[in-house]
file protein_28.cif (mmCIF, C-alpha atoms)
data_structure
#
loop_
_atom_site.group_PDB
_atom_site.id
_atom_site.type_symbol
_atom_site.label_atom_id
_atom_site.label_comp_id
_atom_site.auth_asym_id
_atom_site.auth_seq_id
_atom_site.Cartn_x
_atom_site.Cartn_y
_atom_site.Cartn_z
ATOM 1 C CA MET A 941 0.000 0.000 0.000
ATOM 2 C CA SER A 942 1.477 3.338 -1.044
ATOM 3 C CA VAL A 943 1.740 6.416 1.158
ATOM 4 C CA MET A 944 -0.981 8.172 -0.835
ATOM 5 C CA GLN A 945 -3.384 5.259 -0.359
ATOM 6 C CA ILE A 946 -2.742 5.288 3.381
ATOM 7 C CA ILE A 947 -3.341 9.050 3.560
ATOM 8 C CA LEU A 948 -6.551 8.736 1.568
ATOM 9 C CA ALA A 949 -7.734 5.828 3.734
ATOM 10 C CA VAL A 950 -7.131 7.836 6.918
ATOM 11 C CA ILE A 951 -8.912 10.887 5.488
ATOM 12 C CA GLY A 952 -11.790 8.696 4.303
ATOM 13 C CA ALA A 953 -12.161 7.078 7.720
ATOM 14 C CA TYR A 954 -12.022 10.477 9.437
ATOM 15 C CA LEU A 955 -14.740 11.840 7.139
ATOM 16 C CA ALA A 956 -16.915 8.737 7.480
ATOM 17 C CA VAL A 957 -16.847 8.998 11.265
ATOM 18 C CA GLY A 958 -17.396 12.752 10.934
ATOM 19 C CA ILE A 959 -20.505 12.347 8.783
ATOM 20 C CA VAL A 960 -22.071 9.850 11.182
ATOM 21 C CA PHE A 961 -21.168 12.064 14.144
ATOM 22 C CA ALA A 962 -22.542 15.175 12.408
ATOM 23 C CA ILE A 963 -25.948 13.566 11.876
ATOM 24 C CA VAL A 964 -26.223 12.515 15.513
ATOM 25 C CA PHE A 965 -24.767 15.802 16.760
ATOM 26 C CA VAL A 966 -27.144 17.983 14.756
ATOM 27 C CA LEU A 967 -30.122 15.973 15.974
ATOM 28 C CA ALA A 968 -29.198 15.851 19.663
ATOM 29 C CA GLY A 969 -25.804 17.224 20.631
ATOM 30 C CA VAL A 970 -25.894 20.797 19.446
ATOM 31 C CA VAL A 971 -28.554 21.638 22.026
ATOM 32 C CA ARG A 972 -26.316 20.310 24.813
ATOM 33 C CA ILE A 973 -23.416 22.502 23.740
ATOM 34 C CA ASP A 974 -25.418 25.624 22.901
ATOM 35 C CA PRO A 975 -28.912 25.835 24.428
ATOM 36 C CA ALA A 976 -29.788 28.690 22.061
ATOM 37 C CA ALA A 977 -29.693 26.158 19.209
ATOM 38 C CA ALA A 978 -32.893 24.592 20.575
ATOM 39 C CA ARG A 979 -34.792 27.431 18.908
ATOM 40 C CA SER A 980 -33.073 26.930 15.551
ATOM 41 C CA SER A 981 -34.890 25.487 12.567
ATOM 42 C CA VAL A 982 -34.011 22.265 10.765
ATOM 43 C CA ARG A 983 -32.522 24.310 7.921
ATOM 44 C CA ALA A 984 -30.268 26.166 10.325
ATOM 45 C CA ARG A 985 -29.120 22.907 11.871
ATOM 46 C CA LEU A 986 -28.273 21.535 8.420
ATOM 47 C CA ILE A 987 -25.805 24.395 8.093
ATOM 48 C CA PHE A 988 -23.970 22.989 11.134
ATOM 49 C CA MET A 989 -23.411 19.587 9.481
ATOM 50 C CA PRO A 990 -20.271 20.286 7.368
ATOM 51 C CA GLY A 991 -18.534 21.951 10.283
ATOM 52 C CA ALA A 992 -19.579 19.199 12.670
ATOM 53 C CA ALA A 993 -18.287 16.555 10.262
ATOM 54 C CA ALA A 994 -14.946 18.334 9.898
ATOM 55 C CA LEU A 995 -14.476 19.223 13.559
ATOM 56 C CA TRP A 996 -16.023 16.133 15.116
ATOM 57 C CA PRO A 997 -13.215 15.398 17.604
ATOM 58 C CA LEU A 998 -13.518 18.869 19.162
ATOM 59 C CA LEU A 999 -17.300 18.785 19.217
ATOM 60 C CA ALA A 1000 -17.331 15.272 20.673
ATOM 61 C CA LEU A 1001 -15.083 16.501 23.479
ATOM 62 C CA ARG A 1002 -17.330 19.515 24.144
ATOM 63 C CA TRP A 1003 -20.414 17.289 24.023
ATOM 64 C CA ALA A 1004 -18.860 14.867 26.502
ATOM 65 C CA ARG A 1005 -17.988 17.751 28.824
ATOM 66 C CA SER A 1006 -21.505 19.151 28.599
ATOM 67 C CA ALA A 1007 -22.955 15.707 29.355
ATOM 68 C CA ARG A 1008 -21.180 15.869 32.707
ATOM 69 C CA GLY A 1009 -23.345 18.823 33.653
ATOM 70 C CA SER A 1010 -21.628 21.958 32.422
ATOM 71 C CA VAL A 1011 -23.217 23.519 29.365
ATOM 72 C CA VAL A 1012 -20.596 25.109 27.131
ATOM 73 C CA SER A 1013 -21.811 27.829 24.789
ATOM 74 C CA VAL A 1014 -19.950 29.613 22.020
ATOM 75 C CA VAL A 1015 -19.842 32.755 24.138
ATOM 76 C CA SER A 1016 -18.183 30.921 27.041
ATOM 77 C CA VAL A 1017 -15.646 29.374 24.666
ATOM 78 C CA VAL A 1018 -14.832 32.824 23.293
ATOM 79 C CA SER A 1019 -14.401 34.231 26.796
ATOM 80 C CA MET A 1020 -12.200 31.245 27.737
ATOM 81 C CA VAL A 1021 -9.986 32.026 24.755
ATOM 82 C CA GLY A 1022 -9.809 35.628 25.913
ATOM 83 C CA MET A 1023 -11.511 37.188 22.919
ATOM 84 C CA GLY A 1024 -14.649 38.400 24.662
ATOM 85 C CA SER A 1025 -15.444 42.064 24.115
ATOM 86 C CA GLY A 1026 -18.635 42.492 26.083
ATOM 87 C CA GLY A 1027 -21.281 41.585 23.495
ATOM 88 C CA SER A 1028 -21.635 38.004 22.334
ATOM 89 C CA GLY A 1029 -22.155 39.015 18.683
ATOM 90 C CA GLY A 1030 -18.827 40.819 18.451
ATOM 91 C CA ALA A 1031 -17.014 38.015 20.237
ATOM 92 C CA GLN A 1032 -18.501 35.404 17.928
ATOM 93 C CA ARG A 1033 -17.532 37.433 14.866
ATOM 94 C CA LYS A 1034 -13.951 37.674 16.144
ATOM 95 C CA LEU A 1035 -13.867 33.931 16.750
ATOM 96 C CA HIS A 1036 -15.193 33.230 13.245
ATOM 97 C CA VAL A 1037 -12.616 35.532 11.674
ATOM 98 C CA VAL A 1038 -9.804 33.811 13.552
ATOM 99 C CA LEU A 1039 -11.121 30.353 12.636
ATOM 100 C CA TRP A 1040 -11.468 31.220 8.948
ATOM 101 C CA CYS A 1041 -7.999 32.787 8.883
ATOM 102 C CA VAL A 1042 -6.607 29.510 10.239
ATOM 103 C CA VAL A 1043 -8.874 26.927 8.588
ATOM 104 C CA GLY A 1044 -8.865 28.519 5.114
ATOM 105 C CA PRO A 1045 -5.107 28.410 4.498
ATOM 106 C CA ILE A 1046 -4.828 24.936 6.055
ATOM 107 C CA ALA A 1047 -7.574 23.599 3.772
ATOM 108 C CA LEU A 1048 -5.908 25.198 0.752
ATOM 109 C CA ALA A 1049 -2.535 23.709 1.729
ATOM 110 C CA VAL A 1050 -4.075 20.242 2.105
ATOM 111 C CA VAL A 1051 -5.702 20.450 -1.331
ATOM 112 C CA VAL A 1052 -2.513 21.695 -2.984
ATOM 113 C CA ALA A 1053 -0.424 19.016 -1.231
ATOM 114 C CA ALA A 1054 -2.895 16.330 -2.327
ATOM 115 C CA LEU A 1055 -2.705 17.543 -5.932
ATOM 116 C CA VAL A 1056 1.095 17.673 -5.856
ATOM 117 C CA ILE A 1057 1.457 14.276 -4.190
ATOM 118 C CA GLY A 1058 -1.227 12.802 -6.434
ATOM 119 C CA GLY A 1059 0.529 14.207 -9.494
ATOM 120 C CA ALA A 1060 3.886 12.885 -8.307
ATOM 121 C CA VAL A 1061 2.449 9.436 -7.582
ATOM 122 C CA GLY A 1062 0.418 9.396 -10.810
ATOM 123 C CA GLY A 1063 3.365 10.660 -12.871
ATOM 124 C CA ALA A 1064 5.713 8.060 -11.424
ATOM 125 C CA ALA A 1065 3.486 5.158 -12.498
#

call {"tool": "encode", "arguments": {"input": "protein_28.cif", "output": "structure tokens"}}
result
Amino acid sequence: MSVMQIILAVIGAYLAVGIVFAIVFVLAGVVRIDPAAARSSVRARLIFMPGAAALWPLLALRWARSARGSVVSVVSVVSMVGMGSGGSGGAQRKLHVVLWCVVGPIALAVVVAALVIGGAVGGAA
């Protein structure tokens, strides 16, 4: 088994677990982490699915912590990180900006690396 096949198998397994977790999380877990999500519509919860599938280890940890009795909301996470600025809307926007500034370049690097490695493996054959 080549290195590329191993990498793709690991990514595939991660995504498969993530998709299953995202379905369960959107149906039941999101309310445990953020009680405000109880008022959200089904369409709004569907928006959570890609992020839940990608970030399932972090969300599983937060869900497990909330199951022990402490409800963790986005606002409390932002204040724990030290980005709170009084209002929850501003703090959430800051958190989203930071996440997108980190996640965007990492995702781009992964895609470019996959194309380069795939081209190198495909060209060598």

call {"tool": "atom_distance", "arguments": {"input": "protein_28.cif", "atom1": "CA of His1036 (chain A)", "atom2": "CA of Ala1049 (chain A)"}}
result
19.6 Å

call {"tool": "residues_around", "arguments": {"input": "protein_28.cif", "residues": "Ala977 (chain A)", "least_positions_apart": "2", "cutoff": "12 Å", "atoms": "only C-alpha atoms", "output": "PDB file with C-alpha atoms, in the coordinates of the input"}}
result
ATOM      1  CA  PHE A 965     -24.767  15.802  16.760  1.00  0.00           C
ATOM      2  CA  VAL A 966     -27.144  17.983  14.756  1.00  0.00           C
ATOM      3  CA  LEU A 967     -30.122  15.973  15.974  1.00  0.00           C
ATOM      4  CA  ALA A 968     -29.198  15.851  19.663  1.00  0.00           C
ATOM      5  CA  GLY A 969     -25.804  17.224  20.631  1.00  0.00           C
ATOM      6  CA  VAL A 970     -25.894  20.797  19.446  1.00  0.00           C
ATOM      7  CA  VAL A 971     -28.554  21.638  22.026  1.00  0.00           C
ATOM      8  CA  ARG A 972     -26.316  20.310  24.813  1.00  0.00           C
ATOM      9  CA  ILE A 973     -23.416  22.502  23.740  1.00  0.00           C
ATOM     10  CA  ASP A 974     -25.418  25.624  22.901  1.00  0.00           C
ATOM     11  CA  PRO A 975     -28.912  25.835  24.428  1.00  0.00           C
ATOM     12  CA  ARG A 979     -34.792  27.431  18.908  1.00  0.00           C
ATOM     13  CA  SER A 980     -33.073  26.930  15.551  1.00  0.00           C
ATOM     14  CA  SER A 981     -34.890  25.487  12.567  1.00  0.00           C
ATOM     15  CA  VAL A 982     -34.011  22.265  10.765  1.00  0.00           C
ATOM     16  CA  ARG A 983     -32.522  24.310   7.921  1.00  0.00           C
ATOM     17  CA  ALA A 984     -30.268  26.166  10.325  1.00  0.00           C
ATOM     18  CA  ARG A 985     -29.120  22.907  11.871  1.00  0.00           C
ATOM     19  CA  LEU A 986     -28.273  21.535   8.420  1.00  0.00           C
ATOM     20  CA  ILE A 987     -25.805  24.395   8.093  1.00  0.00           C
ATOM     21  CA  PHE A 988     -23.970  22.989  11.134  1.00  0.00           C
ATOM     22  CA  SER A1013     -21.811  27.829  24.789  1.00  0.00           C
ATOM     23  CA  VAL A1014     -19.950  29.613  22.020  1.00  0.00           C
TER      24      VAL A1014
END

call {"tool": "residues_near_point", "arguments": {"input": "protein_28.cif", "point": "(-17.6, 15.7, 16.1)", "cutoff": "9 Å", "atoms": "all atoms listed in the file", "output": "PyMOL selection string"}}
result
chain A and resi 957-962+965+991-1003

call {"tool": "atom_distance", "arguments": {"input": "protein_28.cif", "atom1": "CA of Met941 (chain A)", "atom2": "CA of Leu1055 (chain A)"}}
result
18.7 Å

call {"tool": "atom_distance", "arguments": {"input": "protein_28.cif", "atom1": "CA of Ala956 (chain A)", "atom2": "CA of Leu1039 (chain A)"}}
result
23.0 Å

call {"tool": "axis_aligned_box", "arguments": {"input": "protein_28.cif", "around": "region 964-967 of chain A", "padding_each_side": "6 Å", "output": "JSON"}}
result
{"center_x": -27.4, "center_y": 15.2, "center_z": 15.8, "size_x": 17.4, "size_y": 17.5, "size_z": 14.0}
